[in-house]
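Novice: Take this structure first; my questions come after.
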Amino acid sequence: MNAADPSTIRAVRAIIARAKRWDMFFAMLGILSLMVGVLTFSVLFLDMAIQGVPRLDLEFFTSFPSRRAANAGILSAWVGTVLVMLVTALAAVPLGVAAGVYLEEYAPKNWITDIIEINISNLAGIPSIVYGLLALGLFVYYFGFGQSILSAGLTLALLILPVIIVATREAIRAIPQSIHEGSYACGATTWQTVRDHILPYSSAGILTGVIIGMARAIGETAPIITIGALTFIAFLPTAPFSGEPPAGLFDWIFAPFTVMPIQMFNWTSRPEAAFTVNAAAAGFVLVFMTLAMNGLAIYVRYRLRKNIKW
Amino acid sequence: MQIPVGLEAGVEGTVLKADVRELDFYYGAFHALKRVSMPIHDHMVTSLIGPSGCGKSTLLRCFNRMHDLYPGNRYAGGGIVLYPDNTNLLAPEVDPIEVRMRISMVFQKPNPFPKSIYENVAYSLRVRGMRNKNELDDRVESALKGAALWNEVSNRLKELGANLSGGQQQRLCIARALASDPEIILFDEPTSALDPIATASIEELIIELKEKVTILIVTHNMQQAARISDFTAYMYLGEMVEFGVTDQLFIKPQKKATEDYITGRFG
């Protein structure tokens with residue numbers, strides 16, 4: 001029987017058809033799984049948008065919280081969120097990137113490094129409330145930062161540090177060995193290699209990790225409550241150089257604060273229906289902030305990657 | 001340590017640039033180079049041939065201490081002496097960065113940095129602390145001319161190195177290796193990723209380059225070794241089987257093993 005025999009061809013076609021049924025089956029399964037996530041998010045987001053968007057006006061952004069739902073706004077919450085995120089980014093990015101670079105480029109391959117690596121992966125799995133408790137003891141009381149923006153920012157920084165470290169390492173590993181060796185072969189030191197090659201070429205990947213971390217941090221509530229964020233706050237942190245002399249650029253970091261998720265949580269626990277609408281509006285703004293951050297990250301990553309070809 | 005006798009016998013009018021002396025090298029527990037000795041003649045092309053896994057690339061990468069980048073690699077005895085200053089490149093007290101400043105390398109696959117053509121060549125000067133714009137410009141130009149690339153790229157120095165063709169990229173890497181005025185350039189199978197036309201241009205360039213610099217090249221292509229090198233070393237299983245003037249080695253090898261390899265009976 002040779003290959004051109006009609007019965008052979010029929011048999012081959014039957015085999016292909018059977019194999020393709022599995023292809024179809026898996027594709028359907030994949031679409032279904034995907035839909036679970038996408039649809040759930042879409043429904044939640046739409047529901048929130050339908051409820052909340054009509055409530056959004058300029059006043060909502062420029063008003064402090066109030067006992068009357070119609071007058072209440074998210075001024076202190078969004079300012080608080082922006083400032084806490086700023087502290088988080090300023091603390092977590094340099095520490096996380098430096099740790100990642102050290103582990104990839106400098107650390108000797110021995111059991112101490114292995115233990116550190118295992119610890120970092122485990123850190124990512126620790127419940128955020130535990131970070132809150134640690135921060136309460138360490139930042140709030142031991143270092144005496146109080147229930148401030150600084151404490152909150154540092155707490156969230158700790159929380160997302162493992163994410164940034166892991167993303168940094170992955171981004172560095174994606175750089176081909178040949179580029180690495182090319183730099184050393186030119187006579188570069190490890191630091192020159194890191195500064196001139198490793199960091200520039202891995203910055204897109206690092207940025208992705210930073211954004212994933214920040215997106216997680218922006219919605220965190222538990223650790224912030226643990227360290228004592230206020231739920232009702234009717235003033236803004238001191239603007240730079242405006243506080244009591246000697247006023248400085250960073251007076252605001254010791255100010256009490258609230259953040260968006262806490263404001264939402266506070267509103268949802270009120271009995272009046274009008275506050276639920278407020279919560280939906282605030283939720284919409286929070287999701288929008290996260291999406292905007294992601295969008296910015298995608299754009300910057302595209303710009304950074306455009307000039308990197310191996 | 002003394003230079004094993006017989007290796008450079010019959011070679012007159014050449015000066016030694018470097019000398020591998022009874023070198024032992026280990027990857028972890030694997031004995032990759034076994035008491036390897038060979039001379040490197042000044043301003044000559046020396047090629048290393050042998051079947052894959054014979055240790056030719058390993059030996060090449062000893063010359064710029066590339067092995068120091070990875071844990072578990074060990075220089076276990078012997079050394080590589082660089083003349084005229086008699087420095088043992090493998091001595092623990094010699095900084096690998098100093099070695100790489102004197103001996104540069106061109107890799108198997110063109111590996112331009114994802115930077116501009118100019119910055120690629122300038123990089124080996126920048127790590128040496130050169131900041132003067134005019135001086136950099138001059139050196140980049142002469143390195144690109146030396147690598148026979150200047151005419152093709154002189155008006156697009158700001159473009160990415162990766163936009164060049166494969167052969168041009170490899171010549172860019174040669175320019176980068178050349179810019180710092182090295183004493184030796186190591187080539188690790190520099191044409192294995194290139195098409196025949198690009199290969200021919202790289203081979204021609206290597207022959208031209210020996211006016212300026214000593215060249216050590218690993219190649220899996222015996223015809224290439226025969227075409228471009230003055231001296232050839234045949235290695236097998238981590239040992240130096242035979243070293244000699246290229247013509248003699250290919251026409252009248254002293255050892256049966258070499259003859260088997262170059263006639264294609266083995267390898």
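Identifiers for the structure tokens are assigned positionally: chains receive A, B, ... in sequence, residues are indexed from 1 per chain, and ligands are indexed from 1 in the order shown.
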Find the residues near region 24-31 of chain B: any atom within 6 Å, counting only C-alpha atoms, skip ones fewer than 6 places away on the same chain, and give them as a list in words.
Specialist: Gly72, Asn73, Arg74, Tyr75, Ala76 and Gly77 of chain B
Novice: Atoms to include: N, CA, C and O atoms. Write the selected residues as a PDB file, in the first residue's frame.
Specialist:
ATOM      1  N   GLY B  72      32.548  28.297  38.807  1.00  0.00           N
ATOM      2  CA  GLY B  72      32.908  26.900  38.564  1.00  0.00           C
ATOM      3  C   GLY B  72      34.015  26.696  37.557  1.00  0.00           C
ATOM      4  O   GLY B  72      34.525  25.593  37.420  1.00  0.00           O
ATOM      5  N   ASN B  73      34.401  27.760  36.852  1.00  0.00           N
ATOM      6  CA  ASN B  73      35.486  27.631  35.877  1.00  0.00           C
ATOM      7  C   ASN B  73      36.830  27.832  36.582  1.00  0.00           C
ATOM      8  O   ASN B  73      36.958  28.699  37.423  1.00  0.00           O
ATOM      9  N   ARG B  74      37.807  27.042  36.191  1.00  0.00           N
ATOM     10  CA  ARG B  74      39.053  27.070  36.950  1.00  0.00           C
ATOM     11  C   ARG B  74      40.267  26.907  36.027  1.00  0.00           C
ATOM     12  O   ARG B  74      40.332  25.951  35.247  1.00  0.00           O
ATOM     13  N   TYR B  75      41.182  27.858  36.112  1.00  0.00           N
ATOM     14  CA  TYR B  75      42.479  27.700  35.450  1.00  0.00           C
ATOM     15  C   TYR B  75      43.338  26.900  36.418  1.00  0.00           C
ATOM     16  O   TYR B  75      43.622  27.362  37.523  1.00  0.00           O
ATOM     17  N   ALA B  76      43.719  25.686  36.021  1.00  0.00           N
ATOM     18  CA  ALA B  76      44.275  24.788  37.023  1.00  0.00           C
ATOM     19  C   ALA B  76      45.790  24.622  36.935  1.00  0.00           C
ATOM     20  O   ALA B  76      46.379  23.901  37.721  1.00  0.00           O
ATOM     21  N   GLY B  77      46.418  25.282  36.002  1.00  0.00           N
ATOM     22  CA  GLY B  77      47.864  25.112  35.923  1.00  0.00           C
ATOM     23  C   GLY B  77      48.355  25.650  34.601  1.00  0.00           C
ATOM     24  O   GLY B  77      47.587  25.759  33.651  1.00  0.00           O
TER      25      GLY B  77
END
Novice: Taking only C-alpha atoms into account and nothing else, which residues of chain B lie no more than 7 Å away from chain A? Please answer as an NGL selection string.
Specialist: :B and (97 or 100-101 or 104-105 or 111 or 113-114 or 124 or 127 or 162)
Novice: Env of Thr199 (chain B): 12 Å cut, atoms = only C-alpha atoms, seq-sep filter 3 positions within chain, self excluded. Answer as a list in words.
Specialist: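 Those residues are Gly166, Gly167, Gln168, Gln170, Arg171, Glu189, Pro190, Thr191, Ser192, Ala193, Leu194, Asp195, Pro196, Ile202, Glu203, Glu204, Leu205, Ile206, Thr219, Asn221, Gln224, Arg227 and Ile228 of chain B.
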Novice: I need the residues of region 84-252 of chain A that end up classed as alpha helix (DSSP H) by DSSP on the backbone, written out as a ChimeraX atom specification.
Specialist: /A:84-101,111-123,128-135,149-173,177-185,190-193,199-219,222-226
Novice: Which of these residues is nearest to Ile115 (chain A), using only C-alpha atoms: A:Ala215, A:Thr238, A:Leu103, A:Gly132?
Specialist: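 Smallest separation from Ile115 (chain A) among the options: A:Leu103.
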Novice: Please provide as a PyMOL selection string all residues within 12 Å of Val99 (chain B), with the sequence filter that same-chain residues fewer than 6 positions apart are discarded (counting only C-alpha atoms).
Specialist: (chain A and resi 184-188) or (chain B and resi 61-66+68+80-82+87-93+105+182-185)
Novice: Go ahead and dump the residues you just picked, N, CA, C and O atoms, as a short mmCIF file (atom, residue, chain, number, x, y, z; two decimals), in the first residue's frame.
Specialist:
data_model
loop_
_atom_site.label_atom_id
_atom_site.label_comp_id
_atom_site.auth_asym_id
_atom_site.auth_seq_id
_atom_site.Cartn_x
_atom_site.Cartn_y
_atom_site.Cartn_z
N TYR A 184 31.50 42.99 28.51
CA TYR A 184 32.69 42.63 29.29
C TYR A 184 33.92 42.52 28.39
O TYR A 184 35.02 42.90 28.78
N ALA A 185 33.72 42.00 27.17
CA ALA A 185 34.85 41.83 26.27
C ALA A 185 35.45 43.18 25.86
O ALA A 185 36.61 43.25 25.48
N CYS A 186 34.65 44.25 25.94
CA CYS A 186 35.18 45.59 25.66
C CYS A 186 36.04 46.10 26.81
O CYS A 186 36.64 47.17 26.70
N GLY A 187 36.05 45.38 27.91
CA GLY A 187 36.83 45.81 29.06
C GLY A 187 35.99 46.55 30.09
O GLY A 187 36.54 47.25 30.95
N ALA A 188 34.67 46.41 30.01
CA ALA A 188 33.80 47.11 30.96
C ALA A 188 33.82 46.39 32.31
O ALA A 188 33.98 45.18 32.38
N ARG B 61 38.72 31.59 24.81
CA ARG B 61 38.12 32.40 25.85
C ARG B 61 38.99 32.51 27.11
O ARG B 61 38.67 33.29 28.01
N CYS B 62 40.08 31.73 27.15
CA CYS B 62 41.05 31.92 28.22
C CYS B 62 41.83 33.22 27.99
O CYS B 62 42.24 33.89 28.93
N PHE B 63 42.02 33.57 26.71
CA PHE B 63 42.86 34.71 26.36
C PHE B 63 42.30 36.03 26.87
O PHE B 63 43.06 36.97 27.08
N ASN B 64 40.96 36.15 26.96
CA ASN B 64 40.44 37.39 27.55
C ASN B 64 39.69 37.12 28.84
O ASN B 64 38.85 37.91 29.24
N ARG B 65 40.00 36.02 29.45
CA ARG B 65 39.46 35.67 30.78
C ARG B 65 37.94 35.70 30.78
O ARG B 65 37.31 36.04 31.78
N MET B 66 37.30 35.33 29.67
CA MET B 66 35.85 35.26 29.63
C MET B 66 35.32 34.26 30.65
O MET B 66 34.22 34.40 31.17
N ASP B 68 36.10 33.88 33.55
CA ASP B 68 35.98 34.44 34.89
C ASP B 68 34.56 34.90 35.19
O ASP B 68 34.20 35.12 36.34
N ILE B 80 49.13 31.68 30.16
CA ILE B 80 49.31 32.29 28.85
C ILE B 80 50.18 33.52 29.06
O ILE B 80 49.76 34.45 29.76
N VAL B 81 51.37 33.49 28.50
CA VAL B 81 52.28 34.61 28.70
C VAL B 81 52.17 35.56 27.51
O VAL B 81 52.19 35.13 26.37
N LEU B 82 51.98 36.84 27.86
CA LEU B 82 51.87 37.85 26.81
C LEU B 82 53.20 38.59 26.72
O LEU B 82 53.74 39.02 27.74
N THR B 87 53.66 39.12 30.88
CA THR B 87 52.58 39.02 31.84
C THR B 87 51.86 37.69 31.64
O THR B 87 51.49 37.36 30.52
N ASN B 88 51.65 36.97 32.73
CA ASN B 88 50.82 35.77 32.64
C ASN B 88 49.36 36.19 32.76
O ASN B 88 48.90 36.59 33.83
N LEU B 89 48.62 36.11 31.64
CA LEU B 89 47.25 36.60 31.61
C LEU B 89 46.35 35.90 32.61
O LEU B 89 45.33 36.43 33.02
N LEU B 90 46.72 34.67 32.97
CA LEU B 90 45.83 33.90 33.83
C LEU B 90 46.20 34.00 35.30
O LEU B 90 45.53 33.41 36.14
N ALA B 91 47.27 34.75 35.61
CA ALA B 91 47.68 34.86 37.00
C ALA B 91 46.55 35.51 37.80
O ALA B 91 45.92 36.45 37.34
N PRO B 92 46.29 34.99 39.00
CA PRO B 92 45.17 35.52 39.80
C PRO B 92 45.31 37.00 40.09
O PRO B 92 44.31 37.71 40.22
N GLU B 93 46.55 37.49 40.17
CA GLU B 93 46.73 38.90 40.53
C GLU B 93 46.54 39.83 39.32
O GLU B 93 46.48 41.05 39.48
N MET B 105 37.67 40.97 21.49
CA MET B 105 37.07 39.74 20.98
C MET B 105 35.91 40.02 20.04
O MET B 105 35.15 40.96 20.23
N PRO B 182 43.75 47.09 20.25
CA PRO B 182 44.18 45.95 21.06
C PRO B 182 45.46 45.33 20.52
O PRO B 182 45.85 45.60 19.38
N GLU B 183 46.08 44.50 21.34
CA GLU B 183 47.30 43.81 20.89
C GLU B 183 46.93 42.54 20.14
O GLU B 183 47.60 42.14 19.20
N ILE B 184 45.84 41.90 20.61
CA ILE B 184 45.37 40.68 19.94
C ILE B 184 43.86 40.82 19.77
O ILE B 184 43.19 41.35 20.65
N ILE B 185 43.32 40.35 18.65
CA ILE B 185 41.87 40.22 18.55
C ILE B 185 41.54 38.74 18.44
O ILE B 185 42.15 38.00 17.66
#
Novice: Can you pull out every residue from region 58-94 of chain B that DSSP, working from the backbone, puts in strand (DSSP E), and format the result as number ranges by chain?
Specialist: B: 73-82, 87-88
Novice: Can you write out the residues you just picked, keeping N, CA, C and O atoms, as a compact mmCIF listing (two decimals), in the first residue's frame?
Specialist:
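Writing done, so here's selection30.txt:
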# COMPACT_ATOMS: atom_id res chain seq x y z
N ASN B 73 34.40 27.76 36.85
CA ASN B 73 35.49 27.63 35.88
C ASN B 73 36.83 27.83 36.58
O ASN B 73 36.96 28.70 37.42
N ARG B 74 37.81 27.04 36.19
CA ARG B 74 39.05 27.07 36.95
C ARG B 74 40.27 26.91 36.03
O ARG B 74 40.33 25.95 35.25
N TYR B 75 41.18 27.86 36.11
CA TYR B 75 42.48 27.70 35.45
C TYR B 75 43.34 26.90 36.42
O TYR B 75 43.62 27.36 37.52
N ALA B 76 43.72 25.69 36.02
CA ALA B 76 44.28 24.79 37.02
C ALA B 76 45.79 24.62 36.94
O ALA B 76 46.38 23.90 37.72
N GLY B 77 46.42 25.28 36.00
CA GLY B 77 47.86 25.11 35.92
C GLY B 77 48.36 25.65 34.60
O GLY B 77 47.59 25.76 33.65
N GLY B 78 49.61 26.04 34.56
CA GLY B 78 50.14 26.62 33.34
C GLY B 78 49.64 28.04 33.18
O GLY B 78 49.11 28.63 34.12
N GLY B 79 49.80 28.58 31.99
CA GLY B 79 49.36 29.96 31.82
C GLY B 79 49.48 30.40 30.38
O GLY B 79 49.81 29.62 29.49
N ILE B 80 49.13 31.68 30.16
CA ILE B 80 49.31 32.29 28.85
C ILE B 80 50.18 33.52 29.06
O ILE B 80 49.76 34.45 29.76
N VAL B 81 51.37 33.49 28.50
CA VAL B 81 52.28 34.61 28.70
C VAL B 81 52.17 35.56 27.51
O VAL B 81 52.19 35.13 26.37
N LEU B 82 51.98 36.84 27.86
CA LEU B 82 51.87 37.85 26.81
C LEU B 82 53.20 38.59 26.72
O LEU B 82 53.74 39.02 27.74
N THR B 87 53.66 39.12 30.88
CA THR B 87 52.58 39.02 31.84
C THR B 87 51.86 37.69 31.64
O THR B 87 51.49 37.36 30.52
N ASN B 88 51.65 36.97 32.73
CA ASN B 88 50.82 35.77 32.64
C ASN B 88 49.36 36.19 32.76
O ASN B 88 48.90 36.59 33.83
Novice: Would you kindly return, as number ranges by chain, each protein, DNA or RNA residue with an atom no farther than 7 Å from any atom of Phe64 (chain A), considering only C-alpha atoms and excluding same-chain residues fewer than 5 positions away?
Specialist: A: 72-76, 234
Novice: Measuring between only C-alpha atoms, which one of A:Ala157, A:Leu123, A:Val285, A:Ile50 shows the shortest distance to Leu95 (chain A)?
Specialist: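 Closest candidate: A:Ala157.
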